[in-house]
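query37.csv, holding CSV, C-alpha atoms:
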```csv
chain,number,residue,atom,x,y,z
E,383,MET,CA,160.8,182.3,204.9
E,384,THR,CA,162.9,184.7,202.9
E,385,VAL,CA,166.6,185.2,203.5
E,386,VAL,CA,168.0,188.8,203.5
E,387,ARG,CA,171.8,189.4,203.6
E,388,VAL,CA,172.9,192.8,205.0
E,389,VAL,CA,176.5,193.7,203.9
E,390,ASP,CA,178.0,196.9,205.4
E,391,ASP,CA,181.3,197.5,207.2
E,392,ASP,CA,179.6,199.7,209.8
E,393,ALA,CA,177.9,197.7,212.6
E,394,SER,CA,175.4,200.5,213.3
E,395,ILE,CA,174.2,200.5,209.7
E,396,ARG,CA,173.9,196.7,209.7
E,397,GLY,CA,171.9,196.9,212.9
E,398,LEU,CA,169.6,199.6,211.5
E,399,ILE,CA,168.9,197.8,208.3
E,400,CYS,CA,168.2,194.5,210.2
E,401,ALA,CA,165.9,196.4,212.6
E,402,ALA,CA,164.1,198.1,209.7
E,403,LEU,CA,163.5,194.9,207.8
E,404,ALA,CA,162.9,192.5,210.6
E,405,GLY,CA,159.7,190.3,210.4
E,406,PRO,CA,158.4,186.9,211.3
E,407,ARG,CA,158.9,185.6,207.7
E,408,ARG,CA,162.4,186.9,207.2
E,409,GLU,CA,165.8,185.6,208.2
E,410,LEU,CA,168.4,188.5,208.3
E,411,VAL,CA,172.1,187.6,208.1
E,412,GLU,CA,174.8,190.2,208.5
E,413,ALA,CA,178.2,190.4,206.8
E,414,ARG,CA,180.8,193.1,207.4
E,415,ASP,CA,182.8,192.8,204.1
E,416,GLY,CA,182.6,191.4,200.6
E,417,ASN,CA,184.4,188.1,201.4
E,418,GLU,CA,182.1,187.3,204.3
E,419,ALA,CA,179.1,188.2,202.1
E,420,LEU,CA,180.1,185.8,199.3
E,421,GLU,CA,181.0,183.0,201.8
E,422,LYS,CA,177.6,183.2,203.5
E,423,ALA,CA,175.8,183.6,200.2
E,424,GLY,CA,177.2,180.3,199.1
E,425,ARG,CA,175.9,178.6,202.2
E,426,LEU,CA,172.5,180.3,202.7
E,427,ARG,CA,171.5,181.4,199.2
E,428,PRO,CA,169.7,184.7,200.1
E,429,ASP,CA,166.7,186.0,198.3
E,430,LEU,CA,167.8,189.7,198.6
E,431,VAL,CA,171.0,191.5,199.5
E,432,VAL,CA,171.3,195.0,200.9
E,433,LEU,CA,174.8,195.9,199.8
E,434,ASP,CA,177.0,198.9,200.8
E,435,TRP,CA,178.9,200.5,197.9
E,436,ARG,CA,182.1,201.0,199.7
E,437,LEU,CA,183.5,197.9,201.4
E,438,PRO,CA,186.9,197.1,202.7
E,439,GLY,CA,188.8,194.6,200.5
E,440,ALA,CA,186.3,194.6,197.6
E,441,THR,CA,184.0,197.0,195.9
E,442,GLY,CA,180.3,196.6,196.0
E,443,PHE,CA,180.3,196.0,192.2
E,444,GLU,CA,182.7,193.1,192.6
E,445,VAL,CA,180.5,191.5,195.2
E,446,LEU,CA,177.4,192.2,193.2
E,447,THR,CA,178.9,190.5,190.1
E,448,GLU,CA,179.9,187.4,192.1
E,449,LEU,CA,176.5,187.2,193.8
E,450,LYS,CA,174.6,187.5,190.6
E,451,ARG,CA,176.9,184.9,188.9
E,452,GLY,CA,175.9,182.4,191.6
E,453,ASN,CA,172.2,183.4,191.7
E,454,PRO,CA,170.9,185.4,188.7
E,455,ALA,CA,167.5,185.8,190.4
E,456,LEU,CA,169.0,187.4,193.5
E,457,LYS,CA,167.5,190.9,194.3
E,458,VAL,CA,170.1,193.5,195.2
E,459,VAL,CA,169.6,196.9,196.9
E,460,PHE,CA,172.7,199.2,196.9
E,461,VAL,CA,173.1,201.8,199.6
E,462,SER,CA,175.9,204.4,199.4
E,463,ALA,CA,177.2,207.5,201.0
E,464,GLU,CA,179.2,208.4,197.9
E,465,LEU,CA,179.0,211.7,196.2
E,466,ARG,CA,178.7,210.6,192.7
E,467,SER,CA,175.2,210.8,191.4
E,468,SER,CA,176.0,208.5,188.5
E,469,GLU,CA,176.2,205.5,190.8
E,470,GLY,CA,172.5,205.0,190.9
E,471,GLY,CA,172.5,204.5,187.1
E,472,LEU,CA,175.6,202.4,187.3
E,473,ALA,CA,174.1,200.2,189.9
E,474,HIS,CA,171.2,199.4,187.6
E,475,VAL,CA,173.5,198.7,184.7
E,476,PHE,CA,175.4,196.2,186.8
E,477,GLY,CA,172.2,194.5,187.8
E,478,ALA,CA,171.1,196.1,191.1
E,479,ASP,CA,167.4,196.4,191.6
E,480,ALA,CA,167.4,199.6,193.7
E,481,PHE,CA,169.8,202.3,194.9
E,482,LEU,CA,169.4,204.3,198.1
E,483,GLU,CA,171.6,207.1,199.1
E,484,LYS,CA,172.7,207.5,202.8
E,485,PRO,CA,171.2,208.8,204.9
E,486,PHE,CA,168.2,206.9,203.8
E,487,SER,CA,164.7,206.6,205.3
E,488,ALA,CA,164.1,203.3,207.2
E,489,GLN,CA,160.5,203.4,205.9
E,490,HIS,CA,161.6,203.8,202.3
E,491,LEU,CA,164.1,201.0,202.7
E,492,TYR,CA,161.5,198.5,203.9
E,493,GLU,CA,159.0,199.6,201.3
E,494,VAL,CA,161.6,199.0,198.6
E,495,VAL,CA,162.5,195.6,200.0
E,496,ASP,CA,158.8,194.7,200.4
E,497,VAL,CA,158.1,195.4,196.7
E,498,LEU,CA,161.2,193.5,195.6
E,499,LEU,CA,160.5,190.4,197.8
E,500,GLY,CA,156.7,190.6,197.6
E,501,ASP,CA,156.5,188.9,201.0
E,502,GLY,CA,154.1,191.5,202.7
E,503,GLU,CA,156.3,192.2,205.7
E,504,VAL,CA,155.6,195.9,205.6
E,505,ASP,CA,152.0,195.3,206.7
E,506,GLN,CA,153.4,193.3,209.6
E,507,ALA,CA,155.9,196.0,210.6
E,508,MET,CA,153.7,199.1,210.5
H,1425,MET,CA,181.4,243.0,217.1
H,1426,SER,CA,183.5,242.6,214.0
H,1427,GLU,CA,181.9,242.0,210.7
H,1428,SER,CA,182.7,238.7,209.2
H,1429,ARG,CA,184.3,238.7,205.7
H,1430,GLY,CA,182.2,237.2,202.9
H,1431,ARG,CA,183.6,234.4,200.8
H,1432,ASP,CA,182.3,232.5,197.8
H,1433,SER,CA,183.7,229.0,198.5
H,1434,LEU,CA,185.0,226.7,201.2
H,1435,HIS,CA,188.4,225.7,200.0
H,1436,VAL,CA,189.0,222.0,200.2
H,1437,GLY,CA,191.5,221.9,197.4
H,1438,GLY,CA,193.7,218.8,197.3
H,1439,LEU,CA,190.9,216.3,198.0
H,1440,GLY,CA,190.2,213.9,195.2
H,1441,GLU,CA,187.1,211.9,194.5
H,1442,GLU,CA,188.1,209.0,196.7
H,1443,GLU,CA,188.9,211.3,199.6
H,1444,LEU,CA,185.6,213.2,199.3
H,1445,SER,CA,183.7,209.9,199.1
H,1446,GLN,CA,185.4,208.6,202.3
H,1447,LEU,CA,184.6,211.9,204.0
H,1448,ALA,CA,181.0,211.5,202.9
H,1449,HIS,CA,181.1,208.0,204.4
H,1450,TYR,CA,182.4,209.3,207.8
H,1451,LEU,CA,179.6,211.8,208.0
H,1452,LYS,CA,176.6,210.0,206.4
H,1453,ASN,CA,177.0,206.6,208.1
H,1454,PRO,CA,176.4,208.0,211.7
H,1455,LEU,CA,173.7,210.3,210.2
H,1456,SER,CA,172.0,207.3,208.7
H,1457,ALA,CA,172.0,205.5,212.1
H,1458,ILE,CA,170.6,208.6,213.9
H,1459,LEU,CA,167.9,209.3,211.4
H,1460,GLY,CA,167.0,205.7,210.8
H,1461,TYR,CA,166.7,204.6,214.4
H,1462,SER,CA,164.9,207.7,215.5
H,1463,GLU,CA,162.4,207.1,212.6
H,1464,LEU,CA,161.9,203.5,213.9
H,1465,LEU,CA,161.3,204.8,217.4
H,1466,LEU,CA,158.7,207.2,216.2
H,1467,GLN,CA,156.9,204.7,213.9
H,1468,ARG,CA,157.0,201.4,215.7
H,1469,ASP,CA,155.9,200.1,219.0
H,1470,ASP,CA,158.5,197.4,219.2
H,1471,PRO,CA,160.1,196.5,222.6
H,1472,ALA,CA,163.3,195.4,220.8
H,1473,ILE,CA,163.6,198.8,219.0
H,1474,LEU,CA,162.7,200.7,222.2
H,1475,ARG,CA,165.7,198.8,223.9
H,1476,GLU,CA,168.2,199.1,221.1
H,1477,ALA,CA,167.6,202.4,219.4
H,1478,PRO,CA,168.5,204.9,222.1
H,1479,ARG,CA,171.9,203.2,222.6
H,1480,ARG,CA,172.5,203.1,218.8
H,1481,ILE,CA,171.5,206.8,218.4
H,1482,HIS,CA,173.8,207.9,221.2
H,1483,GLU,CA,176.7,205.9,219.8
H,1484,ALA,CA,176.2,207.3,216.3
H,1485,ALA,CA,175.8,210.9,217.6
H,1486,SER,CA,179.0,210.5,219.7
H,1487,GLY,CA,180.8,209.2,216.6
H,1488,LEU,CA,179.5,212.0,214.5
H,1489,ALA,CA,180.5,214.6,217.1
H,1490,ASP,CA,184.0,213.2,217.1
H,1491,VAL,CA,184.2,213.4,213.2
H,1492,VAL,CA,183.0,217.0,213.3
H,1493,ASP,CA,185.5,217.8,216.1
H,1494,ASP,CA,188.3,216.2,214.1
H,1495,LEU,CA,187.3,218.1,210.9
H,1496,VAL,CA,187.1,221.5,212.8
H,1497,THR,CA,190.5,220.8,214.3
H,1498,VAL,CA,192.2,220.1,211.0
H,1499,LEU,CA,190.5,223.0,209.3
H,1500,GLY,CA,191.5,225.2,212.3
H,1501,VAL,CA,195.2,224.1,212.0
H,1502,ASP,CA,195.2,224.5,208.2
H,1503,ALA,CA,193.7,228.0,208.6
H,1504,GLY,CA,196.3,229.0,211.2
H,1505,VAL,CA,193.6,229.9,213.7
H,1506,LEU,CA,194.0,226.9,216.1
H,1507,GLN,CA,196.9,227.5,218.3
H,1508,VAL,CA,198.3,225.8,221.4
H,1509,VAL,CA,199.3,227.4,224.6
H,1510,SER,CA,202.0,225.1,226.1
H,1511,GLU,CA,202.6,224.9,229.8
H,1512,PRO,CA,204.3,222.4,232.1
H,1513,LEU,CA,201.9,219.4,232.5
H,1514,GLU,CA,202.4,216.1,234.4
H,1515,LEU,CA,202.1,213.5,231.7
H,1516,GLY,CA,201.2,210.8,234.2
H,1517,ALA,CA,198.2,212.8,235.6
H,1518,ALA,CA,197.0,213.4,232.1
H,1519,VAL,CA,197.4,209.8,231.1
H,1520,ALA,CA,195.6,208.6,234.3
H,1521,ALA,CA,192.7,210.9,233.6
H,1522,ALA,CA,192.4,209.7,230.0
H,1523,VAL,CA,192.6,206.1,231.0
H,1524,GLU,CA,189.9,206.6,233.6
H,1525,ALA,CA,187.7,208.2,231.0
H,1526,LEU,CA,188.3,205.4,228.6
H,1527,GLY,CA,187.6,202.8,231.4
H,1528,GLY,CA,184.0,204.1,231.5
H,1529,LEU,CA,183.4,203.2,227.9
H,1530,GLU,CA,181.3,200.2,227.2
H,1531,GLY,CA,183.0,197.2,225.6
H,1532,ARG,CA,186.6,198.5,225.9
H,1533,ALA,CA,189.2,196.9,228.1
H,1534,SER,CA,190.9,199.3,230.4
H,1535,PRO,CA,194.5,200.0,229.4
H,1536,GLN,CA,197.3,198.8,231.7
H,1537,VAL,CA,199.8,201.5,232.8
H,1538,ASP,CA,203.3,200.4,233.5
H,1539,GLY,CA,204.7,201.9,236.7
H,1540,GLY,CA,207.6,204.3,236.8
H,1541,ARG,CA,208.3,208.0,237.0
H,1542,TRP,CA,206.3,210.1,234.6
H,1543,PRO,CA,207.9,213.2,233.2
H,1544,VAL,CA,206.5,216.8,233.0
H,1545,VAL,CA,206.0,217.8,229.4
H,1546,ARG,CA,205.1,221.1,227.6
H,1547,ALA,CA,201.6,220.8,226.3
H,1548,ASP,CA,198.3,222.6,226.0
H,1549,ALA,CA,196.1,221.8,229.0
H,1550,TYR,CA,193.0,221.7,226.8
H,1551,HIS,CA,194.4,219.7,223.9
H,1552,LEU,CA,196.5,217.1,225.7
H,1553,PRO,CA,193.5,215.2,227.1
H,1554,ARG,CA,191.9,215.1,223.7
H,1555,ILE,CA,195.1,213.8,222.1
H,1556,LEU,CA,195.5,211.1,224.7
H,1557,GLY,CA,191.8,210.2,224.6
H,1558,ARG,CA,192.0,209.8,220.8
H,1559,LEU,CA,195.1,207.7,220.9
H,1560,LEU,CA,193.7,205.4,223.5
H,1561,LEU,CA,190.4,205.0,221.6
H,1562,ALA,CA,192.4,204.3,218.4
H,1563,ALA,CA,194.5,201.7,220.3
H,1564,GLY,CA,191.2,200.1,221.6
H,1565,ARG,CA,189.9,199.9,218.0
H,1566,LEU,CA,193.1,198.3,216.8
H,1567,GLY,CA,193.0,195.7,219.5
H,1568,GLY,CA,189.3,195.1,219.6
H,1569,PRO,CA,187.3,194.0,222.6
H,1570,GLY,CA,189.2,192.3,225.4
H,1571,VAL,CA,192.6,193.5,224.3
H,1572,SER,CA,194.2,195.9,226.8
H,1573,PRO,CA,196.7,198.5,225.4
H,1574,ARG,CA,199.8,198.7,227.6
H,1575,LEU,CA,201.2,202.2,228.3
H,1576,SER,CA,204.8,203.0,229.0
H,1577,VAL,CA,207.0,206.1,228.8
H,1578,ASP,CA,210.7,206.8,228.2
H,1579,VAL,CA,212.7,210.0,228.2
H,1580,ALA,CA,215.5,210.9,225.9
H,1581,GLU,CA,217.0,214.1,224.4
H,1582,ALA,CA,214.6,216.6,225.9
H,1583,ARG,CA,211.6,214.6,224.9
H,1584,ALA,CA,209.2,212.2,226.5
H,1585,ALA,CA,207.8,209.4,224.4
H,1586,LEU,CA,204.5,207.7,225.5
H,1587,SER,CA,204.0,204.3,223.9
H,1588,ILE,CA,200.5,202.7,223.7
H,1589,ALA,CA,201.2,199.2,222.7
H,1590,VAL,CA,198.6,196.8,221.4
H,1591,ALA,CA,199.8,193.2,221.7
H,1592,GLY,CA,198.9,190.6,219.1
H,1593,VAL,CA,197.9,193.0,216.3
H,1594,ARG,CA,200.5,192.6,213.6
H,1595,LEU,CA,200.2,195.2,210.8
H,1596,ALA,CA,202.2,195.4,207.7
H,1597,ARG,CA,204.5,198.3,207.4
H,1598,ALA,CA,202.3,199.9,204.7
H,1599,GLN,CA,199.3,199.6,207.0
H,1600,ARG,CA,201.1,201.1,210.0
H,1601,GLN,CA,202.1,204.1,207.8
H,1602,LYS,CA,198.4,204.5,206.8
H,1603,LEU,CA,197.2,204.7,210.4
H,1604,PHE,CA,197.6,208.5,210.3
H,1605,ASP,CA,196.2,208.9,206.8
H,1606,PRO,CA,192.8,210.6,207.1
H,1607,PHE,CA,191.1,208.6,204.4
H,1608,ALA,CA,192.8,205.2,204.5
H,1609,THR,CA,190.7,202.1,205.1
H,1610,PHE,CA,191.8,198.5,205.4
H,1611,VAL,CA,190.8,195.4,207.2
H,1612,LEU,CA,192.4,194.8,210.6
H,1613,PRO,CA,193.6,191.3,211.7
H,1614,SER,CA,190.4,191.1,213.8
H,1615,GLY,CA,188.4,191.3,210.6
H,1616,GLU,CA,187.0,194.7,211.5
H,1617,PRO,CA,187.5,197.7,209.1
H,1618,TRP,CA,190.0,200.4,210.2
H,1619,THR,CA,188.3,203.8,209.9
H,1620,GLY,CA,190.2,205.8,212.5
H,1621,GLY,CA,192.5,207.6,210.1
H,1622,LEU,CA,190.7,211.0,210.4
H,1623,GLN,CA,190.9,210.8,214.2
H,1624,LEU,CA,194.6,210.0,214.2
H,1625,TYR,CA,195.3,212.6,211.5
H,1626,ALA,CA,193.7,215.3,213.7
H,1627,VAL,CA,195.9,214.0,216.6
H,1628,ARG,CA,199.0,214.3,214.4
H,1629,ARG,CA,198.3,217.8,213.4
H,1630,LEU,CA,197.6,218.9,217.0
H,1631,VAL,CA,200.8,217.1,218.2
H,1632,GLU,CA,202.9,218.8,215.5
H,1633,LEU,CA,201.6,222.2,216.8
H,1634,HIS,CA,203.1,221.2,220.1
H,1635,GLY,CA,206.5,220.5,218.5
H,1636,GLY,CA,205.9,216.8,219.0
H,1637,ALA,CA,205.4,213.8,216.7
H,1638,VAL,CA,203.4,210.6,216.4
H,1639,ALA,CA,204.3,207.3,214.9
H,1640,ALA,CA,203.1,203.7,214.7
H,1641,PRO,CA,206.2,201.5,215.2
H,1642,ASP,CA,206.2,197.7,215.2
H,1643,VAL,CA,206.8,196.4,218.7
H,1644,ASP,CA,207.3,192.9,219.9
H,1645,GLY,CA,204.1,191.0,219.2
H,1646,GLY,CA,202.1,194.0,217.9
H,1647,VAL,CA,201.9,197.6,217.1
H,1648,ALA,CA,202.2,200.8,219.2
H,1649,LEU,CA,200.9,204.3,218.9
H,1650,ARG,CA,203.8,206.5,220.0
H,1651,LEU,CA,203.4,210.1,221.1
H,1652,THR,CA,206.5,212.3,221.6
H,1653,LEU,CA,206.3,215.7,223.3
H,1654,PRO,CA,209.0,218.1,224.5
H,1655,LEU,CA,209.9,218.0,228.2
H,1656,ALA,CA,209.1,221.0,230.3
H,1657,VAL,CA,212.6,220.9,231.8
H,1658,PRO,CA,215.2,219.2,229.7
H,1659,PRO,CA,217.5,216.8,231.6
```

File written out as structure tokens:
Amino acid sequence: MTVVRVVDDDASIRGLICAALAGPRRELVEARDGNEALEKAGRLRPDLVVLDWRLPGATGFEVLTELKRGNPALKVVFVSAELRSSEGGLAHVFGADAFLEKPFSAQHLYEVVDVLLGDGEVDQAM
Amino acid sequence: MSESRGRDSLHVGGLGEEELSQLAHYLKNPLSAILGYSELLLQRDDPAILREAPRRIHEAASGLADVVDDLVTVLGVDAGVLQVVSEPLELGAAVAAAVEALGGLEGRASPQVDGGRWPVVRADAYHLPRILGRLLLAAGRLGGPGVSPRLSVDVAEARAALSIAVAGVRLARAQRQKLFDPFATFVLPSGEPWTGGLQLYAVRRLVELHGGAVAAPDVDGGVALRLTLPLAVPP
């Protein structure tokens, strides 16, 4: 069983990502801000985090840095609605494994996550 | 038919990187939900998605329609092409209609309206219901599920002031001042993010066209959204 943390302040986006990534071998846990993400990460130790760039109270980078400090092997997928094209490059510099710009394709998201986790859930979903 | 004038740019001067990013957030988040859930509907034969996706798509599309409406309103006011035609309107009837419309929204508690004599104000018959609806929705967001905003009205110096109070939501002065800032975001006491600034900014601009004002004063045990409009017949 792999644990995937979904961090976004928008409930509809959290719901979408969870629906897109759902599978029998995955546990999906939602967090609506950086503090909640860090608190739950400490308890559940996720394998992968889908992290919004813009969060209330903390930037995605701050959350990413803290998460990676506690778990260097953690896989991180950034999603963002921002305009700055440089953020994709910055995300990799700061240790993210993938960057998706909103609005993103649900299929692309679960293919990216499947490659990063290697748990074969794409075949189950399609 | 008149020929439209050509132009080589859409002027959005004054917006910085942070504001444009927040604007992108307002537009792209609901778009993501609409595109993503519709994609899942087309690709997967999953009963849970069949149940959930139509509601999510509808919610996101409604939210996006509101954002577009707010943007068009603000652009229209800025350009001087959106104008109001004020006429005597019964504030109580307009409030009752807006409350009734809000009561039909899933997950929102119906506001409680204090009794009393409602004044007749000068307002635009098209815009006043939108103003009231936006304010009631914002009050609902501030309070969260299960918290009923309380409405009251008072009259002074040729103006009527409608107060939509949300009990139990204590906001710092700086946060109350940011409620009408189109790009401000912060975390509410409920833990939910506040993203209603564009909505309330559009309300503020519309109300100012009426010769009125909006504010977010601290009230006993919470915060209120206060709408002031000129009376049709001064006392």

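Residues from chain E found within 8 Å of chain H are Asp391, Asp392, Ser394, Ile395, Leu398, Ala401, Ala402, Arg414, Pro438, Gly439, Ala463, Glu464, Leu465, Lys484, Pro485, Phe486, Ser487, Ala488, Gln489, Ala507 and Met508 of chain E, counting all atoms listed in the file.
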
Those same residues, written as a short mmCIF file (atom, residue, chain, number, x, y, z; two decimals), keeping the file's coordinate frame with C-alpha atoms?
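Saved file again-v1.cif follows:
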```cif
data_model
loop_
_atom_site.label_atom_id
_atom_site.label_comp_id
_atom_site.auth_asym_id
_atom_site.auth_seq_id
_atom_site.Cartn_x
_atom_site.Cartn_y
_atom_site.Cartn_z
CA ASP E 391 181.30 197.50 207.20
CA ASP E 392 179.60 199.70 209.80
CA SER E 394 175.40 200.50 213.30
CA ILE E 395 174.20 200.50 209.70
CA LEU E 398 169.60 199.60 211.50
CA ALA E 401 165.90 196.40 212.60
CA ALA E 402 164.10 198.10 209.70
CA ARG E 414 180.80 193.10 207.40
CA PRO E 438 186.90 197.10 202.70
CA GLY E 439 188.80 194.60 200.50
CA ALA E 463 177.20 207.50 201.00
CA GLU E 464 179.20 208.40 197.90
CA LEU E 465 179.00 211.70 196.20
CA LYS E 484 172.70 207.50 202.80
CA PRO E 485 171.20 208.80 204.90
CA PHE E 486 168.20 206.90 203.80
CA SER E 487 164.70 206.60 205.30
CA ALA E 488 164.10 203.30 207.20
CA GLN E 489 160.50 203.40 205.90
CA ALA E 507 155.90 196.00 210.60
CA MET E 508 153.70 199.10 210.50
#
```

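Near H:Val1647, within a cut-off of 9 Å and counting only C-alpha atoms, sit the residues Leu1566, Ile1588, Ala1589, Val1590, Ala1591, Gly1592, Val1593, Arg1594, Leu1595, Arg1600, Ala1640 and Pro1641 of chain H, with same-chain residues fewer than 6 positions away left out.
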
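For stretch 405-409 of chain E, the non-local neighbours within 6 Å, defined as residues at least 6 positions apart in the same chain or in other chains and counting all atoms listed in the file, are Met383, Thr384 and Val385 of chain E.
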
Check: At what distance in Å, to one decimal, does atom CA of H:Leu1624 lie from atom CA of E:Glu418?
Finding: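 Computing the Euclidean distance for atom CA of E:Glu418 and atom CA of H:Leu1624 yields 27.7 Å.
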
Next item on the list: Anything within 10 Å of (205.7, 211.8, 219.2): list those residues as a VMD selection string, counting all atoms listed in the file and sticking to the file's coordinates.
Entry: chain H and resid 1583 to 1587 1628 1631 to 1632 1634 to 1640 1649 to 1654

Notebook entry, point to check: Which residue gives the smallest distance to H:Leu1556 among H:Val1627, H:Leu1603, H:Val1492, H:Val1501, with only C-alpha atoms counted?
Noted result: H:Val1627

Notebook entry, point to check: Which one is closest to E:Glu493: E:Ala480, E:Ser462, E:Leu410, E:Gly442? Count all atoms listed in the file.
Noted result: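 Of E:Ala480, E:Ser462, E:Leu410, E:Gly442, the one nearest E:Glu493, counting all atoms listed in the file, is E:Ala480.
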
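In this comparison, which uses only C-alpha atoms, the residue of E:Val495, E:Val461, E:Phe481, E:Lys422 approaching E:Trp435 most closely is E:Val461.
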
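You will find atom CA of E:Arg387 at 5.8 Å from atom CA of E:Glu412.
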
Next item on the list: May I ask for the distance between atom CA of H:Val1577 and atom CA of H:Leu1513, given in Å to one decimal place?
Entry: 14.7 Å

Next item on the list: Return the single residue from E:Asp479, E:Ala393, E:Arg427, E:Asp415 that is closest to E:Val459, with distances computed using all atoms listed in the file.
Entry: E:Asp479
